[in-house]
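**Q** What follows is a structure written as structure tokens; I'll ask about it next.
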2 protein chains.
Amino acid sequence: MATTMGRRERKKAQTRQALSDAALRLFSEHGYDGVTVAQIAEEADVSIATLFAHVPDGKEALIFDDGAERRVWLVAAVRDRPAGQSVLEALRRCMAGRGPFTDDLPPGLRSKRDLIVGTPALREYSRKLWIASEGALAEAIAAESGRDPSDMTVRALARYVLEIPELAGTEPDPLAAMNAIFDLLESGWPRSPGKP
Amino acid sequence: MATTMGRRERKKAQTRQALSDAALRLFSEHGYDGVTVAQIAEEADVSIATLFAHVPDGKEALIFDDGAERRVWLVAAVRDRPAGQSVLEALRRCMAGRGPFTDDLPPGLRSKRDLIVGTPALREYSRKLWIASEGALAEAIAAESGRDPSDMTVRALARYVLEIPELAGTEPDPLAAMNAIFDLLESGWPRSPGKP
DNA sequence: CTCAGAAACTATAACCACTTCAGATTCAGA
DNA sequence: TCTGAATCTGAAGTGGTTATAGTTTCTGAG
């Protein structure tokens, strides 16, 4: 069972957490580029080698988890949606409460979100994490719509949905922007009245 | 006039070309990760500092141009499309002949394309180049459809179109994949028959 | 309880992409 | 012809990242 982790795993998690905390604090104070991994390792009281053992994806990954949670929500949102609700509606609602789209957050998470949005390297890595769920989301969508998981249309839809956080995250009203994009995905682009 | 460049600009262009050629040759032979920038500089007979003076975006940019051409096609394709043709039709046709979507290429360009598609770092940079045209494309689309260039729907459409090369580039039949995605963007995702 | 092995950690050294800088060379235009 | 700007260069340095070899700490089986 995983109810109680062994001392080993507990210590590992502690170290990871210490790294994450140190990185977030230092980034917030001096900016992402103003902090070296050596400083972070020092602050967390581990060696540089240990730092990279915990974060194989590099400096940017320090303040993120591995994205496994998101994958679970997304797939669950699609699979367990209420009867009569479309896949896109389910995803729209699922996303509305997460990522950059909600305003009632503990001030800690809020400033973290601002840091990510304001730092290109972190924004890019955040996008990578979302996109890492593309395969899983595509499978869920395919299962619910009776299509093949390798169908390009399914993959494209999954990708486009997962791009929304980065696309809408910088807008003045992220939630409204997100809704506009979902509307586009649901209805398509109206073929304009043809030029001259 | 720019009919004849001065000796200075000519030499600059020569150096840039030498770097590009050297990089492409070495990448093709030893793989992207199997080549150091020092080797490329050596092969092109310039110093490392000079290499980076020509390619401020880094190693990956060596085999690419700055993407200004693409931007011109894209905007022109939207602005100068024949009467009665929708914006998306114009973009679909424009892309069909470019990027990874055509099979009749000189073998040099073909192998270059394969190198890019098969190398994550190069794929990613190629995507960045496409996305760099998002603003320009959004403006063109906005102008043709009577919307505001800051309209999120417009920006999202531009982004989604520019993502197509990376999305469809790895498919067995890239052209068919591209068409499927354009169909999705034109018609939207059919709200499936509702779950249980 | 013990012991073998796995896992986490460490210091050190190295590699590589990339930047900086001061100085030499080459070119453009007045 | 002369001045200033652009290009190039070597060298030194920064910072992220990995490899190695060895130490400590936990775990599970006997």
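Chain identifiers are assigned as A, B, and so on, following the order in which chains appear in the structure tokens; residues are numbered from 1 within each chain, and ligands are numbered from 1 in order of appearance.
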Any idea what's packed within 9 Å of Arg79 of chain A, counting only C-alpha atoms (C1' of nucleotides), ignoring anything in its chain fewer than 6 positions away? Could you give it as a list in words?

**A**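 My reading of the contact set: Val87, Ala140, Ile141, Ala143 and Glu144 of chain A; Lys195 of chain B.
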
**Q** When the cut-off is 10 Å and we count only C-alpha atoms, which residues of chain A are near chain B, given as a PyMOL selection string?

**A** chain A and resi 78-89+144-146+150-157+159-160+163-164+167-168+171+174+176-196

**Q** Using only C-alpha atoms, please write the residues we just selected to a file, as a CSV table (one decimal), in the first residue's frame.

**A**
chain,number,residue,atom,x,y,z
A,78,VAL,CA,-14.0,13.5,-20.8
A,79,ARG,CA,-14.8,9.9,-19.6
A,80,ASP,CA,-17.0,10.7,-16.7
A,81,ARG,CA,-18.9,13.7,-18.0
A,82,PRO,CA,-22.6,13.9,-17.3
A,83,ALA,CA,-25.0,12.5,-19.8
A,84,GLY,CA,-25.8,14.7,-22.8
A,85,GLN,CA,-22.7,16.8,-22.3
A,86,SER,CA,-20.4,17.1,-25.3
A,87,VAL,CA,-16.7,16.3,-25.0
A,88,LEU,CA,-15.7,19.9,-25.6
A,89,GLU,CA,-18.2,21.2,-23.0
A,144,GLU,CA,-16.0,8.8,-26.4
A,145,SER,CA,-16.6,9.7,-30.1
A,146,GLY,CA,-16.2,6.3,-31.7
A,150,SER,CA,-4.7,7.7,-34.4
A,151,ASP,CA,-7.3,9.8,-36.3
A,152,MET,CA,-5.5,13.0,-37.2
A,153,THR,CA,-8.6,15.0,-36.4
A,154,VAL,CA,-8.7,13.6,-32.9
A,155,ARG,CA,-5.0,14.3,-32.3
A,156,ALA,CA,-5.4,17.8,-33.6
A,157,LEU,CA,-8.4,18.5,-31.3
A,159,ARG,CA,-3.5,19.4,-29.2
A,160,TYR,CA,-5.6,22.5,-29.8
A,163,GLU,CA,-2.6,24.8,-26.4
A,164,ILE,CA,-5.4,26.9,-24.9
A,167,LEU,CA,-2.8,31.0,-26.0
A,168,ALA,CA,-5.2,32.6,-23.5
A,171,GLU,CA,-4.9,37.9,-22.3
A,174,PRO,CA,-8.1,34.7,-19.7
A,176,ALA,CA,-13.3,35.0,-21.7
A,177,ALA,CA,-10.4,34.2,-24.1
A,178,MET,CA,-10.7,30.5,-23.3
A,179,ASN,CA,-14.4,30.5,-23.9
A,180,ALA,CA,-13.9,32.2,-27.3
A,181,ILE,CA,-11.4,29.6,-28.3
A,182,PHE,CA,-13.7,26.7,-27.3
A,183,ASP,CA,-16.5,28.3,-29.3
A,184,LEU,CA,-14.2,28.4,-32.3
A,185,LEU,CA,-13.3,24.7,-31.8
A,186,GLU,CA,-17.0,23.8,-31.5
A,187,SER,CA,-18.3,25.8,-34.5
A,188,GLY,CA,-15.4,26.2,-36.8
A,189,TRP,CA,-14.3,29.4,-38.5
A,190,PRO,CA,-17.2,31.0,-40.4
A,191,ARG,CA,-16.3,31.1,-44.1
A,192,SER,CA,-16.3,34.8,-44.5
A,193,PRO,CA,-18.4,36.5,-47.2
A,194,GLY,CA,-15.7,36.0,-49.8
A,195,LYS,CA,-13.4,38.8,-51.0
A,196,PRO,CA,-14.1,41.3,-53.9

**Q** In Å, how much C-alpha RMSD is there between chain B and chain A after the fit, with all atoms paired in order?

**A** 0.1 Å

**Q** So how many Å separate atom C1' of DT9 of chain D and atom CA of Ala13 of chain B, to one decimal?

**A**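 Pair atom C1' of DT9 of chain D / atom CA of Ala13 of chain B returns 18.3 Å.
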
**Q** Tell me as a PyMOL selection string which residues belonging to chain A come within 9 Å of chain D, counting only C-alpha atoms (C1' of nucleotides).

**A** chain A and resi 6-8+36-37+49+52+58-59

**Q** Would you mind exporting the chosen residues as a JSON list (two decimals), in the first residue's frame, restricted to C-alpha atoms?

**A**
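What follows is the written file selection30.json:
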[["chain", "number", "residue", "atom", "x", "y", "z"],
["A", 6, "GLY", "CA", 8.84, 4.29, 3.69],
["A", 7, "ARG", "CA", 11.40, 6.60, 5.15],
["A", 8, "ARG", "CA", 13.31, 6.47, 1.90],
["A", 36, "THR", "CA", 21.77, 29.77, -10.95],
["A", 37, "VAL", "CA", 21.11, 26.12, -10.30],
["A", 49, "ALA", "CA", 24.29, 16.42, -9.04],
["A", 52, "PHE", "CA", 19.63, 17.13, -11.54],
["A", 58, "GLY", "CA", 16.41, 20.76, -16.24],
["A", 59, "LYS", "CA", 16.18, 24.06, -14.44]]
